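Engineer: Sending over query34.cif (mmCIF, C-alpha atoms).
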data_final
loop_
_atom_site.label_atom_id
_atom_site.label_comp_id
_atom_site.auth_asym_id
_atom_site.auth_seq_id
_atom_site.Cartn_x
_atom_site.Cartn_y
_atom_site.Cartn_z
CA MET A 204 3.18 -64.02 -30.48
CA HIS A 205 4.88 -60.82 -31.45
CA ASN A 206 5.86 -58.19 -28.88
CA THR A 207 3.38 -55.34 -29.45
CA ASN A 208 5.57 -52.88 -27.49
CA ARG A 209 8.45 -53.21 -29.90
CA VAL A 210 9.10 -50.11 -32.06
CA VAL A 211 11.11 -50.41 -35.25
CA SER A 212 12.07 -47.97 -37.98
CA TYR A 213 9.44 -47.27 -40.57
CA SER A 214 9.55 -45.84 -44.03
CA HIS A 215 6.46 -44.08 -45.35
CA ASP A 216 7.04 -45.91 -48.68
CA ALA A 217 6.45 -49.28 -47.01
CA ARG A 218 3.03 -50.85 -47.36
CA ARG A 219 3.50 -54.06 -45.36
CA CYS A 220 4.52 -55.04 -41.87
CA THR A 221 8.17 -56.10 -41.75
CA GLU A 222 7.29 -58.95 -39.35
CA CYS A 223 4.13 -60.59 -40.71
CA GLY A 224 3.48 -58.80 -43.99
CA GLY A 225 0.13 -57.45 -42.79
CA ASP A 226 -1.42 -54.15 -43.77
CA LEU A 227 -0.30 -51.00 -41.95
CA ARG A 228 -2.65 -48.34 -40.67
CA GLN A 229 -2.25 -44.92 -39.03
CA GLU A 230 -3.59 -44.57 -35.49
CA GLN A 231 -3.11 -41.05 -34.14
CA SER A 232 0.67 -40.64 -33.90
CA GLU A 233 1.59 -44.31 -34.47
CA VAL A 234 1.74 -46.66 -37.46
CA VAL A 235 0.67 -50.21 -36.50
CA CYS A 236 0.12 -53.52 -38.23
CA SER A 237 -3.56 -54.46 -38.67
CA ASP A 238 -2.80 -58.16 -38.22
CA CYS A 239 -0.21 -58.52 -35.45
CA GLY A 240 -0.48 -55.11 -33.77
CA LEU A 241 3.24 -54.36 -34.12
CA VAL A 242 4.07 -50.66 -33.82
CA VAL A 243 6.35 -50.08 -36.77
CA GLY A 244 6.74 -46.31 -36.55
CA GLY A 245 5.33 -43.01 -35.36
CA VAL A 246 4.82 -39.44 -36.38
CA GLU A 247 7.66 -37.31 -35.07
CA LEU A 248 6.64 -34.54 -32.69
CA ASP A 249 8.26 -31.13 -32.95
CA LEU A 250 9.48 -30.41 -29.43
CA GLY A 251 11.04 -27.07 -30.41
CA PRO A 252 9.71 -23.62 -29.51
CA ASP A 253 6.25 -22.65 -30.63
CA TRP A 254 6.82 -19.81 -33.10
CA GLY A 255 4.13 -17.66 -34.59
CA ARG A 256 3.21 -14.22 -35.85
CA SER A 257 1.00 -11.64 -34.20
CA ASP A 258 -1.16 -9.28 -36.20
CA GLY A 259 0.95 -6.75 -38.08
CA GLU A 260 4.25 -8.55 -37.46
CA THR A 261 6.48 -9.69 -40.29
CA GLN A 262 8.91 -11.80 -38.26
CA GLU A 263 8.13 -14.91 -36.27
CA ARG A 264 8.80 -14.90 -32.58
CA ARG A 265 8.19 -17.06 -29.54
CA THR A 266 4.54 -16.94 -28.56
CA GLY A 267 3.63 -15.50 -25.21
CA ALA A 268 4.74 -12.28 -23.57
CA PRO A 269 8.49 -11.96 -22.91
CA THR A 270 9.85 -11.59 -19.41
CA THR A 271 10.38 -8.00 -18.34
CA ASP A 272 11.94 -6.15 -15.42
CA ALA A 273 9.03 -3.70 -15.53
CA ARG A 274 6.84 -6.13 -13.55
CA HIS A 275 7.45 -7.26 -10.00
CA ASP A 276 7.14 -10.92 -11.05
CA ASN A 277 9.05 -10.47 -14.35
CA GLY A 278 5.79 -10.97 -16.25
CA LEU A 279 5.55 -14.67 -15.36
CA SER A 280 2.41 -14.50 -13.26
CA THR A 281 -0.87 -16.28 -13.91
CA GLU A 282 -4.02 -14.27 -14.42
CA ILE A 283 -7.49 -15.61 -13.69
CA GLY A 284 -10.12 -14.46 -16.16
CA TYR A 285 -13.41 -12.78 -15.32
CA GLY A 286 -15.61 -15.39 -16.99
CA THR A 287 -17.91 -12.89 -18.64
CA GLY A 288 -20.52 -13.79 -21.20
CA ALA A 289 -24.00 -15.19 -21.35
CA GLU A 290 -22.73 -18.77 -21.21
CA VAL A 291 -21.13 -18.21 -17.78
CA SER A 292 -23.52 -18.49 -14.87
CA SER A 293 -23.57 -16.04 -11.98
CA GLU A 294 -22.31 -18.81 -9.68
CA LYS A 295 -19.29 -19.34 -11.94
CA GLN A 296 -18.58 -15.61 -11.98
CA ARG A 297 -18.63 -15.52 -8.18
CA GLN A 298 -16.30 -18.49 -8.15
CA PHE A 299 -13.88 -16.66 -10.47
CA ALA A 300 -14.03 -13.62 -8.18
CA ARG A 301 -13.13 -15.76 -5.14
CA LEU A 302 -10.28 -17.38 -7.06
CA ARG A 303 -8.92 -13.98 -8.09
CA ARG A 304 -8.96 -12.73 -4.49
CA GLN A 305 -7.16 -15.82 -3.23
CA HIS A 306 -4.68 -15.63 -6.10
CA THR A 307 -3.93 -11.97 -5.38
CA ARG A 308 -3.35 -12.66 -1.70
CA ALA A 309 -1.00 -15.53 -2.47
CA HIS A 310 0.69 -13.67 -5.31
CA LEU A 311 1.45 -10.58 -3.19
CA SER A 312 2.39 -12.34 0.00
CA SER A 313 4.89 -9.73 1.22
CA LYS A 314 4.92 -5.97 1.63
CA SER A 315 7.97 -5.82 -0.63
CA ASP A 316 6.02 -7.36 -3.50
CA ARG A 317 3.11 -4.99 -2.94
CA ASN A 318 5.46 -2.00 -2.99
CA LYS A 319 7.03 -3.22 -6.22
CA LEU A 320 3.68 -3.78 -7.88
CA TYR A 321 2.50 -0.26 -7.02
CA ALA A 322 5.80 1.43 -7.89
CA TYR A 323 6.30 -0.44 -11.17
CA THR A 324 2.79 0.49 -12.26
CA GLU A 325 3.59 4.14 -11.47
CA ILE A 326 6.87 3.96 -13.38
CA ARG A 327 5.16 2.50 -16.45
CA GLN A 328 2.59 5.28 -16.34
CA VAL A 329 5.24 8.02 -16.08
CA THR A 330 7.47 6.67 -18.84
CA SER A 331 4.46 6.17 -21.10
CA SER A 332 3.23 9.74 -20.53
CA LEU A 333 6.68 11.13 -21.35
CA SER A 334 7.14 8.79 -24.37
CA LEU A 335 10.33 7.37 -22.90
CA PRO A 336 11.80 4.12 -24.31
CA ASP A 337 11.29 0.77 -22.62
CA SER A 338 14.96 0.68 -21.63
CA ILE A 339 14.41 3.71 -19.38
CA ARG A 340 11.35 2.04 -17.85
CA ASP A 341 13.25 -1.19 -17.09
CA GLN A 342 16.25 0.64 -15.62
CA ALA A 343 13.95 2.77 -13.45
CA CYS A 344 12.28 -0.38 -12.09
CA ALA A 345 15.68 -1.90 -11.33
CA LEU A 346 16.76 1.31 -9.57
CA PHE A 347 13.61 1.30 -7.42
CA ASP A 348 14.35 -2.32 -6.53
CA SER A 349 17.86 -1.31 -5.41
CA ALA A 350 16.44 1.52 -3.29
CA GLN A 351 14.03 -0.87 -1.60
CA GLU A 352 16.78 -3.41 -0.91
CA GLU A 353 18.80 -0.64 0.77
CA GLU A 354 15.74 0.15 2.92
CA LEU A 355 15.50 3.74 1.68
CA LEU A 356 11.70 3.71 1.51
CA TYR A 357 11.04 3.82 5.25
CA GLY A 358 9.16 6.98 6.09
CA ARG A 359 9.18 8.15 2.48
CA SER A 360 6.72 8.13 -0.38
CA ILE A 361 6.61 5.16 -2.78
CA GLU A 362 5.28 7.49 -5.47
CA GLY A 363 8.25 9.79 -4.86
CA PHE A 364 10.75 6.95 -5.32
CA ALA A 365 8.99 5.77 -8.49
CA ALA A 366 9.15 9.25 -10.00
CA ALA A 367 12.71 9.81 -8.74
CA SER A 368 13.82 6.53 -10.30
CA VAL A 369 12.64 7.73 -13.71
CA TYR A 370 14.29 11.12 -13.20
CA ALA A 371 17.57 9.54 -12.06
CA VAL A 372 17.75 7.20 -15.05
CA CYS A 373 17.04 10.12 -17.39
CA ARG A 374 19.93 11.98 -15.74
CA THR A 375 22.33 9.07 -16.11
CA GLN A 376 21.29 8.57 -19.75
CA SER A 377 21.56 12.31 -20.55
CA LEU A 378 17.84 12.63 -21.36
CA THR A 379 16.57 16.12 -20.66
CA ARG A 380 13.56 15.65 -18.43
CA THR A 381 13.06 18.10 -15.57
CA ARG A 382 11.66 17.30 -12.15
CA HIS A 383 8.71 19.50 -12.97
CA GLU A 384 7.89 17.49 -16.10
CA ILE A 385 8.05 14.18 -14.25
CA ALA A 386 6.11 15.41 -11.22
CA THR A 387 3.39 16.75 -13.53
CA VAL A 388 2.60 13.29 -14.96
CA SER A 389 3.20 11.28 -11.77
CA SER A 390 1.33 10.88 -8.50
CA ALA A 391 4.26 12.36 -6.56
CA THR A 392 4.78 15.99 -5.64
CA ARG A 393 8.00 17.79 -6.53
CA ASP A 394 9.03 17.71 -2.86
CA GLU A 395 8.49 13.93 -2.66
CA LEU A 396 10.48 13.47 -5.85
CA ARG A 397 13.30 15.68 -4.56
CA VAL A 398 13.53 13.91 -1.19
CA ALA A 399 13.59 10.46 -2.84
CA TYR A 400 16.13 11.50 -5.47
CA ASP A 401 18.45 13.02 -2.86
CA ALA A 402 18.27 9.79 -0.81
CA MET A 403 19.10 7.59 -3.82
CA ASN A 404 21.86 9.90 -5.01
CA ARG A 405 23.40 9.92 -1.54
CA GLU A 406 23.02 6.24 -0.62
CA LEU A 407 23.30 4.54 -4.02
CA GLY A 408 25.97 6.78 -5.52
CA LEU A 409 24.21 7.55 -8.79
CA GLN A 410 26.56 8.23 -11.69
CA VAL A 411 25.15 11.64 -12.55
CA GLY A 412 26.94 14.87 -13.28
CA PRO A 413 25.82 18.44 -13.81
CA ILE A 414 23.36 18.90 -16.66
CA ASP A 415 24.69 20.77 -19.66
CA PRO A 416 22.23 23.58 -20.53
CA ARG A 417 22.80 22.82 -24.20
CA GLU A 418 20.87 19.58 -23.75
CA TYR A 419 17.70 21.68 -23.44
CA LEU A 420 18.27 23.99 -26.39
CA THR A 421 16.94 21.74 -29.16
CA ARG A 422 13.72 20.97 -27.28
CA TYR A 423 13.10 24.57 -26.36
CA ALA A 424 13.89 25.95 -29.81
CA SER A 425 11.69 23.32 -31.45
CA ALA A 426 8.76 23.95 -29.10
CA LEU A 427 8.93 27.71 -29.73
CA ASP A 428 9.78 27.39 -33.43
CA LEU A 429 12.83 29.63 -33.07
CA GLY A 430 14.89 28.11 -35.88
CA VAL A 431 18.35 26.59 -36.17
CA ALA A 432 20.18 29.93 -36.33
CA VAL A 433 18.78 31.04 -32.96
CA GLU A 434 19.59 27.67 -31.43
CA GLN A 435 23.19 27.83 -32.65
CA ARG A 436 23.66 31.35 -31.33
CA ALA A 437 22.21 30.28 -27.97
CA SER A 438 24.66 27.37 -27.89
CA ASP A 439 27.52 29.83 -28.41
CA TYR A 440 26.23 31.88 -25.48
CA VAL A 441 26.17 28.79 -23.25
CA THR A 442 29.75 27.96 -24.27
CA ALA A 443 30.88 31.50 -23.45
CA LEU A 444 29.21 31.38 -20.03
CA ARG A 445 30.84 28.05 -19.28
CA GLU A 446 34.28 29.33 -20.23
CA GLN A 447 33.77 32.25 -17.84
CA SER A 448 32.61 29.87 -15.06
CA LEU A 449 29.27 31.65 -14.78
CA ILE A 450 27.03 28.56 -14.98
CA GLY A 451 27.93 26.85 -11.71
CA GLY A 452 25.00 26.72 -9.28
CA LYS A 453 22.52 27.94 -11.90
CA ASN A 454 19.42 26.05 -13.05
CA PRO A 455 20.54 24.53 -16.39
CA SER A 456 17.08 24.76 -17.93
CA GLY A 457 16.90 28.42 -16.88
CA VAL A 458 20.33 29.10 -18.40
CA ALA A 459 19.23 27.46 -21.66
CA ALA A 460 16.01 29.50 -21.75
CA ALA A 461 17.85 32.75 -21.01
CA CYS A 462 20.40 32.07 -23.75
CA LEU A 463 17.61 31.28 -26.22
CA TYR A 464 15.79 34.47 -25.29
CA GLN A 465 18.93 36.57 -25.76
CA ALA A 466 19.78 34.82 -29.04
CA ALA A 467 16.25 35.42 -30.34
CA GLN A 468 16.46 39.11 -29.45
CA GLN A 469 19.81 39.46 -31.21
CA SER A 470 18.46 37.62 -34.29
CA GLY A 471 15.28 39.69 -34.51
CA VAL A 472 13.00 36.73 -33.71
CA ALA A 473 9.95 37.63 -31.65
CA VAL A 474 9.69 35.59 -28.46
CA ARG A 475 8.55 36.49 -24.95
CA GLN A 476 9.84 35.29 -21.63
CA GLU A 477 6.26 34.25 -20.86
CA ASP A 478 6.42 31.87 -23.82
CA LEU A 479 9.14 29.92 -22.05
CA CYS A 480 7.18 29.83 -18.78
CA GLU A 481 4.04 28.62 -20.51
CA GLN A 482 5.98 25.67 -21.91
CA ARG A 483 6.88 24.72 -18.31
CA MET A 484 10.48 24.52 -19.30
CA LEU A 485 12.14 26.59 -16.64
CA PRO A 486 11.40 24.50 -13.50
CA GLY A 487 14.05 21.82 -13.05
#
Please, can you express the file's structure as structure tokens?

Structural biologist:
Amino acid sequence: MHNTNRVVSYSHDARRCTECGGDLRQEQSEVVCSDCGLVVGGVELDLGPDWGRSDGETQERRTGAPTTDARHDNGLSTEIGYGTGAEVSSEKQRQFARLRRQHTRAHLSSKSDRNKLYAYTEIRQVTSSLSLPDSIRDQACALFDSAQEEELLYGRSIEGFAAASVYAVCRTQSLTRTRHEIATVSSATRDELRVAYDAMNRELGLQVGPIDPREYLTRYASALDLGVAVEQRASDYVTALREQSLIGGKNPSGVAAACLYQAAQQSGVAVRQEDLCEQRMLPG
């Protein structure tokens, strides 16, 4: 009797069993002899990554969402569906609801995880409202995590630290976003943002320097349609003020707005000081 567990090499051109000469047949992923049952080969399985294309994509990528620092669990959590639809009974829907509650309790087992979940959601909302890149979002989440590890949140607002994390990363990356802009689209007040930012800057040693007023000029000039010539003249005014050491201690966004206003007046371009205030550019 032949050993039916024996596996030998198989060529798809072969028509007969190499042991008894019987006919070969395909059974799922194996090729076996119809007479003696000898497994003479198998269909190779691709154990590599599962690549595919999503709608609108031209390049293949690994299926499934990538890991991200913008979620407290790096995006590796399991989600339990709601089981909606006519084919799902009310009893099943109640069962799904119970499973989701138990899953949430087990998933957020510590206060630290709950704080991260709330803060990361706030950070994503702020960066999305300000059209900031994903890199800013991820760095802000990492900065909040560092603040929590240093126990800076005690007695302070989580919303304030979420907003301050976005503001701090914008400062370190030389992105001109004022405290007023960030507080407007976040759940934190300007005072909560200021207190949290001061704590992080003091305890974490953020690598931020004074903001150059010229960083605001392009945004302001574009919003008010003042033109390139006015912007260039305003930049010259900022340079002159810096050389005379007249900028220190001044609000950089206010300096930029004042230089733009003066440059517009000198160039004969109509603009009002109220126009700058209406754009909410001056508060920093």

Engineer: Which is closer to Lys314 (chain A) than all the others in A:Arg340, A:Leu449, A:Gln351, A:Thr375, using only C-alpha atoms?

Structural biologist: A:Gln351

Engineer: Quote the spacing between CA of Ser389 (chain A) and CA of Glu325 (chain A) in Å to one decimal place.

Structural biologist: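 One can read the CA of Ser389 (chain A) to CA of Glu325 (chain A) distance as 7.2 Å.
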
Engineer: Just want the 10 Å neighbourhood of Ala424 (chain A), counted on all atoms listed in the file, with same-chain residues fewer than 3 positions away dropped. Output as JSON, numbers by chain.

Structural biologist: {"A": [419, 420, 421, 427, 428, 429, 430, 431, 432, 433, 434, 435, 437, 459, 460, 463, 464, 467, 479]}

Engineer: My list of candidates is A:Pro455, A:Arg436, A:Gly363, A:Ser334. Which is closest to Ser470 (chain A) when distances are computed with only C-alpha atoms?

Structural biologist: A:Arg436

Engineer: Do you have the CA of Val441 (chain A)-CA of Gln469 (chain A) distance handy?

Structural biologist: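 Pair CA of Val441 (chain A) / CA of Gln469 (chain A) returns 14.8 Å.
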
Engineer: Please write the residues picked by the PyMOL selection byres ((chain A and resi 399) around 9) on this file as a ChimeraX atom specification.

Structural biologist: /A:355-356,359-361,363-368,394-398,400-404

Engineer: If I take CA of Ser338 (chain A) and CA of Glu352 (chain A), how far is one from the other in Å, to one decimal?

Structural biologist: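 CA of Glu352 (chain A) lies 21.2 Å from CA of Ser338 (chain A).
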
Engineer: Evaluating the PyMOL selection byres ((chain A and resi 232) around 7) on the displayed file yields which residues, as a tab-separated table (two decimals) with C-alpha atoms, in the coordinates of the input?

Structural biologist:
chain	number	residue	atom	x	y	z
A	230	GLU	CA	-3.59	-44.57	-35.49
A	231	GLN	CA	-3.11	-41.05	-34.14
A	233	GLU	CA	1.59	-44.31	-34.47
A	245	GLY	CA	5.33	-43.01	-35.36
A	246	VAL	CA	4.82	-39.44	-36.38

Engineer: Of the candidates A:Lys453, A:Lys319, A:Arg393, A:Lys295, which shows the shortest atom-to-atom distance to Pro413 (chain A), using all atoms listed in the file?

Structural biologist: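 Among the listed residues, A:Lys453 lies closest to Pro413 (chain A).
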
Engineer: Assuming the chain letters and numbering stay as they are in my file, what does the PyMOL selection byres ((chain A and resi 236) around 9) actually select? List them as an MDAnalysis selection string.

Structural biologist: chainID A and resid 219:220 223:229 234:235 237:243

Engineer: List the spatial neighbours of Thr330 (chain A) as a PyMOL selection string - criterion: any atom at most 12 Å away, only C-alpha atoms, same-chain residues fewer than 4 positions off excluded.

Structural biologist: chain A and resi 273+323-326+334-344+365-370+372-373+380+384-386+388-389

Engineer: Using all atoms listed in the file, find the one residue out of A:Phe347, A:Gly244, A:Tyr440, A:Ala461 that sits nearest to Leu320 (chain A).

Structural biologist: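 Result for the nearest residue to Leu320 (chain A): A:Phe347.
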